[in-house]
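Contents: one structure, followed by commentary.
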Amino acid sequence: MCIKSICEREINHFGVSVVMATTKRQNMASLLSEVLFETAGQGPPPSKDFYQFVVTQNEIIWRWWKISVRSELRGAPPGEIKQLHHDFLNDGRLQEQLSAVFGTRILDYTLALCRGHVDYLERLPDKLLLKILSYISLQDVAHLSQTSSRFRKVCNSDEIWRQAVRSNCDMITEDMEMLANVMGWKNIFFKFYYNKEHDSTAFSAQEEDEANTKSPQAMK
């Protein structure tokens, strides 16, 4: 095979790989909400100005409101800057402003988003995320709940623990539903179905203590 043929084959292969990767990113991006990140707050002293910062899939939006006792500034409309991600990455001045108002942590996170470093799993809709979690062990659910506030909320949701109870009994009765309204499904699981000696899910003592603390018997 001649060198030209080899080069053409490799270029075609590379082109197919790029197209597949691009398509995959586009498919994942379609699962995201338009707004990737949003925060607001007052500027550092002595300023009393109020700021809002938004990162969408395509641009950043920087807004500010002048807060002053001076009569000429009363009723002044808010200022606004919109930039594409690429432009923001090259705007050192706006980056400095963002860091001064919201801190370097927010700046670093924004730079990562603008470079396309998006945690897609963290941003999946709750319904889809719960479907994914239904296929992993409760031990992994417990571990996942410790990674972020979002996952802690989802992994402690009634949907997850209702399924855990369902997998350990023949059926969920009306009495169980009523009890779950008082205790919560997670507490019911730990109180009645979690076998500390034989269950391999190995939940932490903290998880079990939380469940016992929230149960009606523990509150007596």
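Simple scheme: letters A, B, ... for chains in structure tokens order, numbers from 1 for residues in each chain, numbers from 1 for ligands in the order shown.
Every protein, DNA or RNA residue with an atom at most 10 Å from Ile188 of chain A, where only C-alpha atoms count and chain neighbours fewer than 2 positions away do not, is listed here: A:Trp161, A:Arg162, A:Ala164, A:Val165, A:Met176, A:Leu179, A:Ala180, A:Val182, A:Met183, A:Gly184, A:Trp185, A:Lys186, A:Phe190, A:Lys191, A:Phe192, A:Tyr193, A:Tyr194, A:Ala211, A:Asn212, A:Ser215.
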Could you give me, as a Markdown table, a per-residue list for segment 62-169 of chain A showing, wherever an atom lies at most 9 Å from an atom of segment 30-49 of chain A, the closest pair of atoms and their distance in Å to one decimal, using only C-alpha atoms and sorting by chain then residue number from low to high?
```
| residue | atom | partner | partner_atom | distance |
| --- | --- | --- | --- | --- |
| A:Trp64 | CA | A:Asp49 | CA | 6.9 |
| A:Trp65 | CA | A:Asp49 | CA | 5.7 |
| A:Lys66 | CA | A:Asp49 | CA | 4.9 |
| A:Ile67 | CA | A:Asp49 | CA | 4.8 |
| A:Ser68 | CA | A:Lys48 | CA | 7.4 |
| A:Ala100 | CA | A:Pro44 | CA | 7.4 |
| A:Val101 | CA | A:Gly43 | CA | 5.1 |
| A:Phe102 | CA | A:Gly41 | CA | 7.8 |
| A:Thr110 | CA | A:Phe37 | CA | 8.2 |
| A:Leu113 | CA | A:Leu36 | CA | 8.0 |
| A:Val118 | CA | A:Leu36 | CA | 8.7 |
| A:Tyr120 | CA | A:Leu32 | CA | 7.5 |
| A:Arg123 | CA | A:Leu32 | CA | 6.5 |
| A:Leu124 | CA | A:Leu31 | CA | 6.6 |
| A:Pro125 | CA | A:Leu31 | CA | 7.8 |
```
Produce a file of the selected residues containing N, CA, C and O atoms, as a PDB file, in the first residue's frame.
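Generated file (selection-v3.pdb):
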```pdb
ATOM      1  N   TRP A  64     -25.033  44.396  36.401  1.00  0.00           N
ATOM      2  CA  TRP A  64     -24.780  45.094  37.659  1.00  0.00           C
ATOM      3  C   TRP A  64     -25.786  46.228  37.854  1.00  0.00           C
ATOM      4  O   TRP A  64     -26.273  46.827  36.902  1.00  0.00           O
ATOM      5  N   TRP A  65     -26.102  46.474  39.115  1.00  0.00           N
ATOM      6  CA  TRP A  65     -27.019  47.532  39.508  1.00  0.00           C
ATOM      7  C   TRP A  65     -26.279  48.472  40.453  1.00  0.00           C
ATOM      8  O   TRP A  65     -25.732  48.035  41.477  1.00  0.00           O
ATOM      9  N   LYS A  66     -26.274  49.747  40.151  1.00  0.00           N
ATOM     10  CA  LYS A  66     -25.620  50.735  40.996  1.00  0.00           C
ATOM     11  C   LYS A  66     -26.518  51.054  42.191  1.00  0.00           C
ATOM     12  O   LYS A  66     -27.665  51.466  42.038  1.00  0.00           O
ATOM     13  N   ILE A  67     -25.988  50.851  43.383  1.00  0.00           N
ATOM     14  CA  ILE A  67     -26.723  51.159  44.610  1.00  0.00           C
ATOM     15  C   ILE A  67     -26.051  52.358  45.247  1.00  0.00           C
ATOM     16  O   ILE A  67     -24.912  52.283  45.731  1.00  0.00           O
ATOM     17  N   SER A  68     -26.762  53.508  45.257  1.00  0.00           N
ATOM     18  CA  SER A  68     -26.157  54.733  45.754  1.00  0.00           C
ATOM     19  C   SER A  68     -27.234  55.674  46.278  1.00  0.00           C
ATOM     20  O   SER A  68     -28.395  55.641  45.835  1.00  0.00           O
ATOM     21  N   ALA A 100     -13.141  39.414  41.732  1.00  0.00           N
ATOM     22  CA  ALA A 100     -13.231  40.375  42.832  1.00  0.00           C
ATOM     23  C   ALA A 100     -14.584  40.308  43.533  1.00  0.00           C
ATOM     24  O   ALA A 100     -14.679  40.458  44.752  1.00  0.00           O
ATOM     25  N   VAL A 101     -15.644  40.059  42.758  1.00  0.00           N
ATOM     26  CA  VAL A 101     -16.994  40.044  43.330  1.00  0.00           C
ATOM     27  C   VAL A 101     -17.348  38.678  43.918  1.00  0.00           C
ATOM     28  O   VAL A 101     -17.860  38.576  45.036  1.00  0.00           O
ATOM     29  N   PHE A 102     -17.070  37.601  43.172  1.00  0.00           N
ATOM     30  CA  PHE A 102     -17.523  36.273  43.588  1.00  0.00           C
ATOM     31  C   PHE A 102     -16.403  35.314  43.996  1.00  0.00           C
ATOM     32  O   PHE A 102     -16.690  34.199  44.437  1.00  0.00           O
ATOM     33  N   THR A 110     -16.077  28.926  36.153  1.00  0.00           N
ATOM     34  CA  THR A 110     -16.585  29.531  34.921  1.00  0.00           C
ATOM     35  C   THR A 110     -15.646  29.276  33.758  1.00  0.00           C
ATOM     36  O   THR A 110     -16.087  28.948  32.642  1.00  0.00           O
ATOM     37  N   LEU A 113     -16.181  25.803  32.509  1.00  0.00           N
ATOM     38  CA  LEU A 113     -17.408  25.674  31.720  1.00  0.00           C
ATOM     39  C   LEU A 113     -17.217  26.251  30.316  1.00  0.00           C
ATOM     40  O   LEU A 113     -17.658  25.661  29.323  1.00  0.00           O
ATOM     41  N   VAL A 118     -17.749  20.257  31.160  1.00  0.00           N
ATOM     42  CA  VAL A 118     -19.053  20.204  31.821  1.00  0.00           C
ATOM     43  C   VAL A 118     -19.261  18.831  32.443  1.00  0.00           C
ATOM     44  O   VAL A 118     -19.035  17.806  31.781  1.00  0.00           O
ATOM     45  N   TYR A 120     -21.542  16.371  32.885  1.00  0.00           N
ATOM     46  CA  TYR A 120     -22.870  16.048  32.362  1.00  0.00           C
ATOM     47  C   TYR A 120     -23.692  15.227  33.345  1.00  0.00           C
ATOM     48  O   TYR A 120     -24.904  15.427  33.479  1.00  0.00           O
ATOM     49  N   ARG A 123     -25.532  17.162  35.869  1.00  0.00           N
ATOM     50  CA  ARG A 123     -26.555  18.052  35.337  1.00  0.00           C
ATOM     51  C   ARG A 123     -27.733  17.335  34.695  1.00  0.00           C
ATOM     52  O   ARG A 123     -28.634  17.981  34.163  1.00  0.00           O
ATOM     53  N   LEU A 124     -27.737  16.024  34.737  1.00  0.00           N
ATOM     54  CA  LEU A 124     -28.858  15.285  34.163  1.00  0.00           C
ATOM     55  C   LEU A 124     -30.139  15.592  34.927  1.00  0.00           C
ATOM     56  O   LEU A 124     -30.109  15.824  36.142  1.00  0.00           O
ATOM     57  N   PRO A 125     -31.281  15.567  34.264  1.00  0.00           N
ATOM     58  CA  PRO A 125     -32.562  15.754  34.963  1.00  0.00           C
ATOM     59  C   PRO A 125     -32.738  14.677  36.036  1.00  0.00           C
ATOM     60  O   PRO A 125     -32.265  13.547  35.877  1.00  0.00           O
TER      61      PRO A 125
END
```
DSSP says strand (DSSP E) for which residues of segment 76-165 of chain A? Put them as a tab-separated table (two decimals) with all heavy atoms, in the first residue's frame?
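Final output, saved to states.tsv:
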```tsv
chain	number	residue	atom	x	y	z
A	79	GLY	N	-26.48	47.76	34.20
A	79	GLY	CA	-25.54	47.55	33.11
A	79	GLY	C	-25.50	46.08	32.74
A	79	GLY	O	-25.83	45.21	33.56
A	80	GLU	N	-25.10	45.80	31.53
A	80	GLU	CA	-25.07	44.40	31.09
A	80	GLU	C	-23.98	44.20	30.03
A	80	GLU	O	-23.81	45.02	29.14
A	80	GLU	CB	-26.42	43.99	30.51
A	80	GLU	CG	-26.49	42.55	30.05
A	80	GLU	CD	-27.83	42.15	29.49
A	80	GLU	OE1	-28.05	42.34	28.27
A	80	GLU	OE2	-28.67	41.67	30.26
A	81	ILE	N	-23.28	43.08	30.20
A	81	ILE	CA	-22.29	42.65	29.21
A	81	ILE	C	-22.60	41.21	28.85
A	81	ILE	O	-22.77	40.37	29.73
A	81	ILE	CB	-20.85	42.76	29.75
A	81	ILE	CG1	-20.47	44.22	30.02
A	81	ILE	CG2	-19.86	42.13	28.77
A	81	ILE	CD1	-19.10	44.37	30.66
A	82	LYS	N	-22.66	40.93	27.55
A	82	LYS	CA	-22.82	39.56	27.06
A	82	LYS	C	-21.63	39.22	26.19
A	82	LYS	O	-21.24	40.00	25.33
A	82	LYS	CB	-24.12	39.40	26.25
A	82	LYS	CG	-25.39	39.49	27.09
A	82	LYS	CD	-26.61	39.20	26.22
A	82	LYS	CE	-27.89	39.21	27.04
A	82	LYS	NZ	-29.08	38.88	26.21
A	83	GLN	N	-21.06	38.05	26.43
A	83	GLN	CA	-19.92	37.60	25.65
A	83	GLN	C	-20.04	36.12	25.34
A	83	GLN	O	-20.52	35.35	26.17
A	83	GLN	CB	-18.60	37.85	26.39
A	83	GLN	CG	-18.18	39.29	26.52
A	83	GLN	CD	-16.82	39.44	27.18
A	83	GLN	OE1	-16.31	38.50	27.79
A	83	GLN	NE2	-16.23	40.61	27.05
A	84	LEU	N	-19.58	35.73	24.17
A	84	LEU	CA	-19.45	34.31	23.87
A	84	LEU	C	-18.35	33.72	24.74
A	84	LEU	O	-17.47	34.45	25.23
A	84	LEU	CB	-19.11	34.10	22.39
A	84	LEU	CG	-20.17	34.56	21.38
A	84	LEU	CD1	-19.66	34.38	19.96
A	84	LEU	CD2	-21.48	33.79	21.58
```
Checklist entry - Can you tell me how far atom CA of Gln57 of chain A sits from atom CA of Glu122 of chain A, in Å to one decimal? => result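 Atom CA of Glu122 of chain A lies at a distance of 15.3 Å from atom CA of Gln57 of chain A.
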Next on the checklist: Rounded to one decimal, what separation in Å do you get between atom CA of Leu130 of chain A and atom CA of Cys155 of chain A?
Outcome noted: 8.2 Å
Item to check | Atomic separation - atom CA of His85 of chain A relative to atom CA of Glu59 of chain A, Å | outcome: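 According to the coordinates, atom CA of Glu59 of chain A and atom CA of His85 of chain A are separated by 5.1 Å.
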Next on the checklist: Which of segment 81-176 of chain A end up as alpha helix (DSSP H) when DSSP is run on this backbone - answer as a PyMOL selection string?
Outcome noted: chain A and resi 85-89+92-102+104-114+120-123+126-133+138-144+149-155+158-166+174-176
Neighbouring residues of Ile160 of chain A were defined as those with any atom within 12 Å, considering only C-alpha atoms; residues of the same chain fewer than 5 positions away were excluded. Please report them as an mmCIF file with all heavy atoms, in the first residue's frame.
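As written to disk, out.cif reads:
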```cif
data_model
loop_
_atom_site.group_PDB
_atom_site.id
_atom_site.type_symbol
_atom_site.label_atom_id
_atom_site.label_comp_id
_atom_site.auth_asym_id
_atom_site.auth_seq_id
_atom_site.Cartn_x
_atom_site.Cartn_y
_atom_site.Cartn_z
ATOM 1 N N ASP A 126 -33.426 15.028 37.111
ATOM 2 C CA ASP A 126 -33.613 14.094 38.224
ATOM 3 C C ASP A 126 -34.225 12.768 37.761
ATOM 4 O O ASP A 126 -33.815 11.699 38.215
ATOM 5 C CB ASP A 126 -34.519 14.721 39.289
ATOM 6 C CG ASP A 126 -33.772 15.746 40.130
ATOM 7 O OD1 ASP A 126 -32.543 15.890 39.941
ATOM 8 O OD2 ASP A 126 -34.416 16.407 40.965
ATOM 9 N N LYS A 127 -35.208 12.841 36.876
ATOM 10 C CA LYS A 127 -35.890 11.625 36.426
ATOM 11 C C LYS A 127 -34.910 10.665 35.756
ATOM 12 O O LYS A 127 -34.931 9.450 36.018
ATOM 13 C CB LYS A 127 -37.022 11.991 35.473
ATOM 14 C CG LYS A 127 -37.856 10.806 35.030
ATOM 15 C CD LYS A 127 -39.015 11.260 34.153
ATOM 16 C CE LYS A 127 -39.866 10.061 33.729
ATOM 17 N NZ LYS A 127 -41.023 10.494 32.881
ATOM 18 N N LEU A 129 -31.566 10.727 36.087
ATOM 19 C CA LEU A 129 -30.542 10.347 37.050
ATOM 20 C C LEU A 129 -31.049 9.244 37.981
ATOM 21 O O LEU A 129 -30.327 8.290 38.293
ATOM 22 C CB LEU A 129 -30.122 11.574 37.869
ATOM 23 C CG LEU A 129 -28.842 11.456 38.690
ATOM 24 C CD1 LEU A 129 -27.665 11.036 37.820
ATOM 25 C CD2 LEU A 129 -28.529 12.777 39.378
ATOM 26 N N LEU A 130 -32.297 9.337 38.394
ATOM 27 C CA LEU A 130 -32.890 8.299 39.245
ATOM 28 C C LEU A 130 -32.973 6.967 38.507
ATOM 29 O O LEU A 130 -32.789 5.904 39.112
ATOM 30 C CB LEU A 130 -34.282 8.733 39.710
ATOM 31 C CG LEU A 130 -34.311 9.837 40.769
ATOM 32 C CD1 LEU A 130 -35.722 10.394 40.924
ATOM 33 C CD2 LEU A 130 -33.784 9.336 42.106
ATOM 34 N N LYS A 131 -33.230 7.032 37.208
ATOM 35 C CA LYS A 131 -33.279 5.804 36.402
ATOM 36 C C LYS A 131 -31.908 5.139 36.375
ATOM 37 O O LYS A 131 -31.785 3.911 36.522
ATOM 38 C CB LYS A 131 -33.733 6.145 34.981
ATOM 39 C CG LYS A 131 -33.869 4.948 34.060
ATOM 40 C CD LYS A 131 -34.998 4.037 34.499
ATOM 41 C CE LYS A 131 -35.216 2.926 33.497
ATOM 42 N NZ LYS A 131 -36.285 1.984 33.931
ATOM 43 N N ILE A 132 -30.850 5.944 36.223
ATOM 44 C CA ILE A 132 -29.485 5.412 36.216
ATOM 45 C C ILE A 132 -29.140 4.813 37.574
ATOM 46 O O ILE A 132 -28.568 3.721 37.661
ATOM 47 C CB ILE A 132 -28.484 6.519 35.839
ATOM 48 C CG1 ILE A 132 -28.710 6.981 34.396
ATOM 49 C CG2 ILE A 132 -27.047 6.036 36.014
ATOM 50 C CD1 ILE A 132 -27.898 8.186 33.994
ATOM 51 N N LEU A 133 -29.501 5.505 38.639
ATOM 52 C CA LEU A 133 -29.172 5.036 39.985
ATOM 53 C C LEU A 133 -29.884 3.734 40.330
ATOM 54 O O LEU A 133 -29.416 2.977 41.190
ATOM 55 C CB LEU A 133 -29.532 6.111 41.020
ATOM 56 C CG LEU A 133 -28.739 7.423 40.952
ATOM 57 C CD1 LEU A 133 -29.160 8.365 42.069
ATOM 58 C CD2 LEU A 133 -27.240 7.158 41.023
ATOM 59 N N SER A 134 -30.994 3.461 39.653
ATOM 60 C CA SER A 134 -31.735 2.228 39.949
ATOM 61 C C SER A 134 -30.957 0.986 39.522
ATOM 62 O O SER A 134 -31.296 -0.124 39.930
ATOM 63 C CB SER A 134 -33.101 2.257 39.260
ATOM 64 O OG SER A 134 -32.957 2.175 37.841
ATOM 65 N N TYR A 135 -29.911 1.171 38.728
ATOM 66 C CA TYR A 135 -29.127 0.027 38.242
ATOM 67 C C TYR A 135 -27.857 -0.214 39.061
ATOM 68 O O TYR A 135 -27.136 -1.168 38.798
ATOM 69 C CB TYR A 135 -28.733 0.245 36.776
ATOM 70 C CG TYR A 135 -29.903 0.192 35.829
ATOM 71 C CD1 TYR A 135 -30.472 1.362 35.348
ATOM 72 C CD2 TYR A 135 -30.451 -1.023 35.414
ATOM 73 C CE1 TYR A 135 -31.548 1.327 34.469
ATOM 74 C CE2 TYR A 135 -31.520 -1.067 34.544
ATOM 75 C CZ TYR A 135 -32.073 0.114 34.077
ATOM 76 O OH TYR A 135 -33.129 0.077 33.220
ATOM 77 N N ILE A 136 -27.569 0.640 40.040
ATOM 78 C CA ILE A 136 -26.353 0.450 40.829
ATOM 79 C C ILE A 136 -26.716 0.009 42.240
ATOM 80 O O ILE A 136 -27.858 0.150 42.678
ATOM 81 C CB ILE A 136 -25.480 1.728 40.862
ATOM 82 C CG1 ILE A 136 -26.176 2.842 41.647
ATOM 83 C CG2 ILE A 136 -25.163 2.193 39.448
ATOM 84 C CD1 ILE A 136 -25.322 4.093 41.788
ATOM 85 N N SER A 137 -25.733 -0.531 42.943
ATOM 86 C CA SER A 137 -25.987 -1.049 44.291
ATOM 87 C C SER A 137 -26.220 0.087 45.268
ATOM 88 O O SER A 137 -25.807 1.238 45.040
ATOM 89 C CB SER A 137 -24.777 -1.873 44.756
ATOM 90 O OG SER A 137 -23.652 -1.029 44.974
ATOM 91 N N LEU A 138 -26.872 -0.222 46.391
ATOM 92 C CA LEU A 138 -27.110 0.790 47.418
ATOM 93 C C LEU A 138 -25.805 1.265 48.042
ATOM 94 O O LEU A 138 -25.711 2.397 48.512
ATOM 95 C CB LEU A 138 -28.045 0.221 48.492
ATOM 96 C CG LEU A 138 -29.500 0.015 48.055
ATOM 97 C CD1 LEU A 138 -30.307 -0.569 49.203
ATOM 98 C CD2 LEU A 138 -30.115 1.313 47.564
ATOM 99 N N VAL A 141 -24.727 3.905 45.802
ATOM 100 C CA VAL A 141 -25.587 5.069 46.015
ATOM 101 C C VAL A 141 -25.103 5.861 47.228
ATOM 102 O O VAL A 141 -25.020 7.097 47.198
ATOM 103 C CB VAL A 141 -27.054 4.643 46.207
ATOM 104 C CG1 VAL A 141 -27.905 5.820 46.688
ATOM 105 C CG2 VAL A 141 -27.624 4.089 44.906
ATOM 106 N N ALA A 142 -24.761 5.136 48.292
ATOM 107 C CA ALA A 142 -24.263 5.788 49.502
ATOM 108 C C ALA A 142 -22.958 6.532 49.230
ATOM 109 O O ALA A 142 -22.753 7.653 49.696
ATOM 110 C CB ALA A 142 -24.063 4.755 50.608
ATOM 111 N N SER A 145 -23.575 9.695 47.125
ATOM 112 C CA SER A 145 -24.217 10.782 47.867
ATOM 113 C C SER A 145 -23.207 11.678 48.570
ATOM 114 O O SER A 145 -23.530 12.804 48.966
ATOM 115 C CB SER A 145 -25.191 10.209 48.902
ATOM 116 O OG SER A 145 -24.487 9.566 49.958
ATOM 117 N N PHE A 151 -25.927 15.278 44.369
ATOM 118 C CA PHE A 151 -26.068 13.838 44.478
ATOM 119 C C PHE A 151 -26.563 13.429 45.864
ATOM 120 O O PHE A 151 -27.280 12.440 45.996
ATOM 121 C CB PHE A 151 -24.737 13.147 44.176
ATOM 122 C CG PHE A 151 -24.451 13.029 42.705
ATOM 123 C CD1 PHE A 151 -23.252 13.471 42.177
ATOM 124 C CD2 PHE A 151 -25.386 12.490 41.846
ATOM 125 C CE1 PHE A 151 -22.988 13.364 40.823
ATOM 126 C CE2 PHE A 151 -25.148 12.385 40.490
ATOM 127 C CZ PHE A 151 -23.937 12.827 39.972
ATOM 128 N N ARG A 152 -26.204 14.191 46.874
ATOM 129 C CA ARG A 152 -26.700 13.871 48.219
ATOM 130 C C ARG A 152 -28.228 14.001 48.259
ATOM 131 O O ARG A 152 -28.929 13.169 48.830
ATOM 132 C CB ARG A 152 -26.070 14.791 49.255
ATOM 133 C CG ARG A 152 -26.516 14.477 50.683
ATOM 134 C CD ARG A 152 -25.731 15.267 51.706
ATOM 135 N NE ARG A 152 -26.140 14.921 53.059
ATOM 136 C CZ ARG A 152 -25.711 13.858 53.721
ATOM 137 N NH1 ARG A 152 -24.841 13.039 53.148
ATOM 138 N NH2 ARG A 152 -26.126 13.617 54.945
ATOM 139 N N LYS A 153 -28.732 15.045 47.611
ATOM 140 C CA LYS A 153 -30.179 15.259 47.573
ATOM 141 C C LYS A 153 -30.877 14.148 46.805
ATOM 142 O O LYS A 153 -31.891 13.594 47.261
ATOM 143 C CB LYS A 153 -30.480 16.617 46.935
ATOM 144 C CG LYS A 153 -31.961 16.926 46.816
ATOM 145 C CD LYS A 153 -32.185 18.273 46.145
ATOM 146 C CE LYS A 153 -33.666 18.564 45.976
ATOM 147 N NZ LYS A 153 -33.889 19.870 45.300
ATOM 148 N N VAL A 154 -30.345 13.811 45.623
ATOM 149 C CA VAL A 154 -30.970 12.783 44.788
ATOM 150 C C VAL A 154 -30.878 11.408 45.444
ATOM 151 O O VAL A 154 -31.846 10.644 45.461
ATOM 152 C CB VAL A 154 -30.322 12.758 43.390
ATOM 153 C CG1 VAL A 154 -30.861 11.586 42.571
ATOM 154 C CG2 VAL A 154 -30.582 14.065 42.657
ATOM 155 N N CYS A 155 -29.703 11.090 46.005
ATOM 156 C CA CYS A 155 -29.502 9.759 46.600
ATOM 157 C C CYS A 155 -30.289 9.576 47.893
ATOM 158 O O CYS A 155 -30.475 8.449 48.347
ATOM 159 C CB CYS A 155 -28.012 9.527 46.866
ATOM 160 S SG CYS A 155 -27.019 9.373 45.366
ATOM 161 N N VAL A 165 -36.837 -0.554 49.487
ATOM 162 C CA VAL A 165 -37.792 -1.288 50.326
ATOM 163 C C VAL A 165 -38.557 -2.296 49.470
ATOM 164 O O VAL A 165 -38.755 -3.450 49.867
ATOM 165 C CB VAL A 165 -38.767 -0.309 51.014
ATOM 166 C CG1 VAL A 165 -39.887 -1.076 51.715
ATOM 167 C CG2 VAL A 165 -38.027 0.575 52.013
ATOM 168 N N ARG A 166 -38.981 -1.884 48.287
ATOM 169 C CA ARG A 166 -39.735 -2.767 47.398
ATOM 170 C C ARG A 166 -38.938 -4.028 47.059
ATOM 171 O O ARG A 166 -39.497 -5.128 46.958
ATOM 172 C CB ARG A 166 -40.119 -2.041 46.117
ATOM 173 C CG ARG A 166 -40.925 -2.893 45.138
ATOM 174 C CD ARG A 166 -41.044 -2.205 43.797
ATOM 175 N NE ARG A 166 -41.868 -1.028 43.884
ATOM 176 C CZ ARG A 166 -43.206 -1.047 43.779
ATOM 177 N NH1 ARG A 166 -43.829 -2.197 43.600
ATOM 178 N NH2 ARG A 166 -43.894 0.054 43.850
ATOM 179 N N SER A 167 -37.625 -3.888 46.883
ATOM 180 C CA SER A 167 -36.791 -5.039 46.531
ATOM 181 C C SER A 167 -36.624 -6.004 47.696
ATOM 182 O O SER A 167 -36.133 -7.117 47.517
ATOM 183 C CB SER A 167 -35.413 -4.561 46.057
ATOM 184 O OG SER A 167 -34.710 -3.914 47.110
ATOM 185 N N GLY A 184 -40.400 8.516 56.223
ATOM 186 C CA GLY A 184 -39.570 8.578 55.032
ATOM 187 C C GLY A 184 -39.102 7.176 54.667
ATOM 188 O O GLY A 184 -38.844 6.334 55.537
ATOM 189 N N TRP A 185 -38.970 6.898 53.364
ATOM 190 C CA TRP A 185 -38.618 5.551 52.901
ATOM 191 C C TRP A 185 -37.212 5.137 53.324
ATOM 192 O O TRP A 185 -36.962 3.961 53.604
ATOM 193 C CB TRP A 185 -38.761 5.463 51.392
ATOM 194 C CG TRP A 185 -40.184 5.431 50.941
ATOM 195 C CD1 TRP A 185 -40.900 6.430 50.358
ATOM 196 C CD2 TRP A 185 -41.095 4.326 51.081
ATOM 197 N NE1 TRP A 185 -42.197 6.036 50.116
ATOM 198 C CE2 TRP A 185 -42.339 4.739 50.538
ATOM 199 C CE3 TRP A 185 -40.986 3.030 51.584
ATOM 200 C CZ2 TRP A 185 -43.450 3.911 50.507
ATOM 201 C CZ3 TRP A 185 -42.091 2.195 51.545
ATOM 202 C CH2 TRP A 185 -43.307 2.629 51.014
ATOM 203 N N LYS A 186 -36.299 6.066 53.393
ATOM 204 C CA LYS A 186 -34.942 5.721 53.805
ATOM 205 C C LYS A 186 -34.928 5.223 55.242
ATOM 206 O O LYS A 186 -34.265 4.235 55.581
ATOM 207 C CB LYS A 186 -34.019 6.931 53.649
ATOM 208 C CG LYS A 186 -32.571 6.649 54.038
ATOM 209 C CD LYS A 186 -31.700 7.873 53.816
ATOM 210 C CE LYS A 186 -30.259 7.594 54.218
ATOM 211 N NZ LYS A 186 -29.381 8.776 54.020
ATOM 212 N N ASN A 187 -35.675 5.900 56.104
ATOM 213 C CA ASN A 187 -35.738 5.486 57.506
ATOM 214 C C ASN A 187 -36.404 4.124 57.659
ATOM 215 O O ASN A 187 -36.007 3.309 58.497
ATOM 216 C CB ASN A 187 -36.494 6.542 58.320
ATOM 217 C CG ASN A 187 -35.781 7.874 58.312
ATOM 218 O OD1 ASN A 187 -34.557 7.931 58.279
ATOM 219 N ND2 ASN A 187 -36.531 8.965 58.326
ATOM 220 N N PHE A 189 -36.312 1.719 55.438
ATOM 221 C CA PHE A 189 -35.338 0.721 54.984
ATOM 222 C C PHE A 189 -34.368 0.357 56.096
ATOM 223 O O PHE A 189 -34.145 -0.821 56.390
ATOM 224 C CB PHE A 189 -34.572 1.245 53.771
ATOM 225 C CG PHE A 189 -33.430 0.363 53.346
ATOM 226 C CD1 PHE A 189 -33.665 -0.786 52.603
ATOM 227 C CD2 PHE A 189 -32.131 0.652 53.726
ATOM 228 C CE1 PHE A 189 -32.618 -1.621 52.223
ATOM 229 C CE2 PHE A 189 -31.075 -0.172 53.355
ATOM 230 C CZ PHE A 189 -31.311 -1.305 52.606
#
```
